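Written out below as structure tokens is the structure these notes cover.
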Amino acid sequence: MYIPGVLEEKLPDSGCCGILFSGGYDSEVLLRFAVRVLGAPKVVSLTADSGLLAGFYRKHIRTVTEGLGIEPVFIPMDLMSLEEFTLNTDKRCYICKKKLFAGLKAEAVARGCNNVMDGTSTDDLSEYRPGLIAAAEAGISHPFTEACMGRSDIVELGTSLGVSGHPSDSCLATRIPYGEMITSELLSLIEKVEAPLRPFVQGRLRVVPGTGRLLVNYTGVDEKLVENCLEQLKRIAEKSGHEIKLHRLDK
């Protein structure tokens, strides 16, 4: 496939390059591309290991990096000690990313990386993403946006690199509406409910404030896949005093 020259130019000629690998599709494509261009010894995979990272992605990160012959670097991050984060205002994403990017950048520099990148695409620029401000403040670069690459371009590149597709996702905190306190217990519950659905169902849990209800929004899958998990989801929810409701978005 055609690869914009600027994409390769953004990868450093010497030293190592730090790639922020969340386990998501875009960051995986960037990581694989960096290894192809620079070689495994010059690429460092960096992941913030906090309560917002689902276990599915932690496992996926280890699988991908092992296949590429590089070490997955997980940096422990304690977000629950940040009151500004747990209060869950509309600045949640910025506060979170500011701490994560600072820690990841420091680790990258300590490992000799002269450039730290993430998988932000041009499609992301049209969405409300206050974390991009934090990225700019930390000096995190976005090679895909600088190469004017959107999601379809990244998928094309990913296909050529052998990246298998998986549903788009976001951190576990996005399941909790602004104003609802973020707690370790609630994040753990969200993780447990979503776990049986991964990676087969494109669905996300949503906490409905003041109702004790957990709403599973899902789309584009066979109903039986969700129904097969329903009893397990009910048991998980009931143990925490919640009820589960399913909502198919495409019907």
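Just so we're on the same page: first chain in the structure tokens is A, next is B, and so on; residues restart at 1 for each chain, and ligands are numbered from 1 in the order they show up.
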
Within 6 Å of segment 114-129 of chain A using only C-alpha atoms, minus same-chain residues under 6 positions, as a list in words: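 Listing them by chain and then by number gives Cys17, Gly18, Ile19, Leu20, Asp26, Ser27, Ile140, Ser141, His142, Phe144, Thr145, Met149 and Gly150 of chain A.
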
For Ser81 of chain A, list every protein, DNA or RNA residue within 12 Å, evaluated using only C-alpha atoms, and leave out those in the same chain fewer than 3 positions away; present the list as a ChimeraX atom specification. /A:50-51,77-78,84-87,95-96,99,182-184

Keeping only N, CA and C atoms, take the residues you just selected and write them out as a PDB file, in the first residue's frame.
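That gives us selection-v4.pdb:
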ATOM      1  N   SER A  50      -3.324   1.283  34.911  1.00  0.00           N
ATOM      2  CA  SER A  50      -4.193   1.850  35.947  1.00  0.00           C
ATOM      3  C   SER A  50      -5.487   1.054  35.994  1.00  0.00           C
ATOM      4  N   GLY A  51      -6.373   1.451  36.865  1.00  0.00           N
ATOM      5  CA  GLY A  51      -7.660   0.778  36.976  1.00  0.00           C
ATOM      6  C   GLY A  51      -8.557   0.997  35.775  1.00  0.00           C
ATOM      7  N   MET A  77       0.031   3.426  37.539  1.00  0.00           N
ATOM      8  CA  MET A  77      -0.500   4.776  37.703  1.00  0.00           C
ATOM      9  C   MET A  77      -1.666   4.746  38.692  1.00  0.00           C
ATOM     10  N   ASP A  78      -1.599   5.577  39.719  1.00  0.00           N
ATOM     11  CA  ASP A  78      -2.668   5.642  40.715  1.00  0.00           C
ATOM     12  C   ASP A  78      -3.522   6.875  40.449  1.00  0.00           C
ATOM     13  N   GLU A  84      -9.587  15.351  41.769  1.00  0.00           N
ATOM     14  CA  GLU A  84     -10.131  15.986  40.569  1.00  0.00           C
ATOM     15  C   GLU A  84     -10.608  14.945  39.561  1.00  0.00           C
ATOM     16  N   PHE A  85      -9.947  13.802  39.554  1.00  0.00           N
ATOM     17  CA  PHE A  85     -10.345  12.735  38.638  1.00  0.00           C
ATOM     18  C   PHE A  85     -11.571  12.001  39.166  1.00  0.00           C
ATOM     19  N   THR A  86     -11.541  11.598  40.425  1.00  0.00           N
ATOM     20  CA  THR A  86     -12.638  10.799  40.973  1.00  0.00           C
ATOM     21  C   THR A  86     -13.955  11.574  41.049  1.00  0.00           C
ATOM     22  N   LEU A  87     -13.898  12.916  41.121  1.00  0.00           N
ATOM     23  CA  LEU A  87     -15.121  13.719  41.128  1.00  0.00           C
ATOM     24  C   LEU A  87     -15.810  13.674  39.774  1.00  0.00           C
ATOM     25  N   ILE A  95      -7.455  15.640  33.108  1.00  0.00           N
ATOM     26  CA  ILE A  95      -6.755  15.355  34.362  1.00  0.00           C
ATOM     27  C   ILE A  95      -6.074  13.991  34.302  1.00  0.00           C
ATOM     28  N   CYS A  96      -6.812  13.013  33.796  1.00  0.00           N
ATOM     29  CA  CYS A  96      -6.280  11.658  33.670  1.00  0.00           C
ATOM     30  C   CYS A  96      -5.074  11.626  32.733  1.00  0.00           C
ATOM     31  N   LYS A  99      -1.724  13.229  33.920  1.00  0.00           N
ATOM     32  CA  LYS A  99      -0.922  12.390  34.800  1.00  0.00           C
ATOM     33  C   LYS A  99      -0.294  11.226  34.033  1.00  0.00           C
ATOM     34  N   ILE A 182     -16.294   8.341  40.572  1.00  0.00           N
ATOM     35  CA  ILE A 182     -15.521   7.191  40.106  1.00  0.00           C
ATOM     36  C   ILE A 182     -14.871   6.527  41.309  1.00  0.00           C
ATOM     37  N   THR A 183     -15.108   5.242  41.469  1.00  0.00           N
ATOM     38  CA  THR A 183     -14.502   4.485  42.564  1.00  0.00           C
ATOM     39  C   THR A 183     -13.837   3.235  42.000  1.00  0.00           C
ATOM     40  N   SER A 184     -12.908   2.685  42.760  1.00  0.00           N
ATOM     41  CA  SER A 184     -12.250   1.449  42.349  1.00  0.00           C
ATOM     42  C   SER A 184     -13.259   0.318  42.233  1.00  0.00           C
TER      43      SER A 184
END

Mind checking DSSP for segment 119-212 of chain A and telling me the helix (DSSP H, G or I) residues as a count of residues only? 46

For a quick check of understanding, using only C-alpha atoms, which of A:Gly55, A:Gly179, A:Gly162, A:Gly103 has the smallest distance to Leu68 of chain A?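 That would be A:Gly162, the residue with the smallest distance to Leu68 of chain A.
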
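Across A:Ala135, A:Ala195, A:Leu215, A:Cys171, the tightest approach to Gly23 of chain A is made by A:Cys171 when counting only C-alpha atoms.
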
Residue contacts of Thr159 of chain A (12 Å, only C-alpha atoms) excluding same-chain residues fewer than 3 positions away, as a ChimeraX atom specification: /A:1,25-26,28-29,32-33,152-156,162-165

Produce a file of the selected residues containing C-alpha atoms, as a short mmCIF file (atom, residue, chain, number, x, y, z; two decimals), in the first residue's frame.
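Everything below was put into again15.cif:
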data_model
loop_
_atom_site.label_atom_id
_atom_site.label_comp_id
_atom_site.auth_asym_id
_atom_site.auth_seq_id
_atom_site.Cartn_x
_atom_site.Cartn_y
_atom_site.Cartn_z
CA MET A 1 0.00 0.00 0.00
CA TYR A 25 -6.20 -0.85 17.04
CA ASP A 26 -4.61 2.47 16.08
CA GLU A 28 -1.11 -1.31 17.62
CA VAL A 29 -0.75 -0.31 13.98
CA ARG A 32 3.96 -2.54 14.41
CA PHE A 33 4.87 0.08 11.83
CA SER A 152 -9.66 4.19 6.99
CA ASP A 153 -6.00 4.91 6.15
CA ILE A 154 -4.87 3.32 9.41
CA VAL A 155 -7.01 0.24 8.77
CA GLU A 156 -5.43 -0.09 5.32
CA GLY A 162 -1.32 -8.18 9.68
CA VAL A 163 -3.27 -6.42 12.42
CA SER A 164 -6.54 -8.21 13.14
CA GLY A 165 -9.54 -5.95 13.58
#

Excluding same-chain residues fewer than 6 positions from Arg213 of chain A, what lies within 9 Å of it counting only C-alpha atoms, as a CSV table (one decimal) with N, CA and C atoms, in the first residue's frame?
chain,number,residue,atom,x,y,z
A,206,ARG,N,-22.9,1.0,30.5
A,206,ARG,CA,-23.1,2.4,30.9
A,206,ARG,C,-23.8,2.4,32.3
A,207,VAL,N,-23.3,3.1,33.2
A,207,VAL,CA,-23.9,3.2,34.6
A,207,VAL,C,-25.0,4.3,34.5
A,237,ALA,N,-23.9,-8.7,38.1
A,237,ALA,CA,-24.5,-7.5,38.5
A,237,ALA,C,-25.2,-7.6,39.8
A,242,HIS,N,-26.9,-4.6,41.6
A,242,HIS,CA,-27.3,-3.9,40.4
A,242,HIS,C,-28.2,-4.8,39.5
A,243,GLU,N,-28.9,-4.2,38.6
A,243,GLU,CA,-29.6,-5.0,37.5
A,243,GLU,C,-29.0,-4.7,36.2
A,244,ILE,N,-29.1,-5.6,35.2
A,244,ILE,CA,-28.6,-5.4,33.9
A,244,ILE,C,-29.7,-5.2,32.9
A,245,LYS,N,-29.6,-4.2,32.0
A,245,LYS,CA,-30.5,-4.0,30.9
A,245,LYS,C,-29.7,-4.0,29.6

May I ask for the distance between atom CA of Gly210 of chain A and atom CA of Glu180 of chain A, given in Å to one decimal place? 9.2 Å

Atom-to-atom span, atom CA of Met181 of chain A and atom CA of Thr89 of chain A, Å: 9.1 Å

Env of Ile236 of chain A: 10 Å cut, atoms = only C-alpha atoms, seq-sep filter 5 positions within chain, self excluded. Answer as a list in words. Leu189, Ile190, Lys192, Val193, Leu230, Glu231, Gly241, His242, Glu243 and Ile244 of chain A

Looking only at the backbone, which of the residues in segment 74-210 of chain A does DSSP tag as strand (DSSP E or B), as JSON, numbers by chain? {"A": [74, 75, 76, 113, 114, 115, 116, 117, 141, 202, 203, 204, 205, 206, 207, 208]}

Applying 12 Å and only C-alpha atoms, which residues near Thr219 of chain A remain after dropping the ones on its own chain fewer than 2 positions away? List them as a ChimeraX atom specification. /A:167-168,197,200-204,216-217,221-223,225-226,246-251
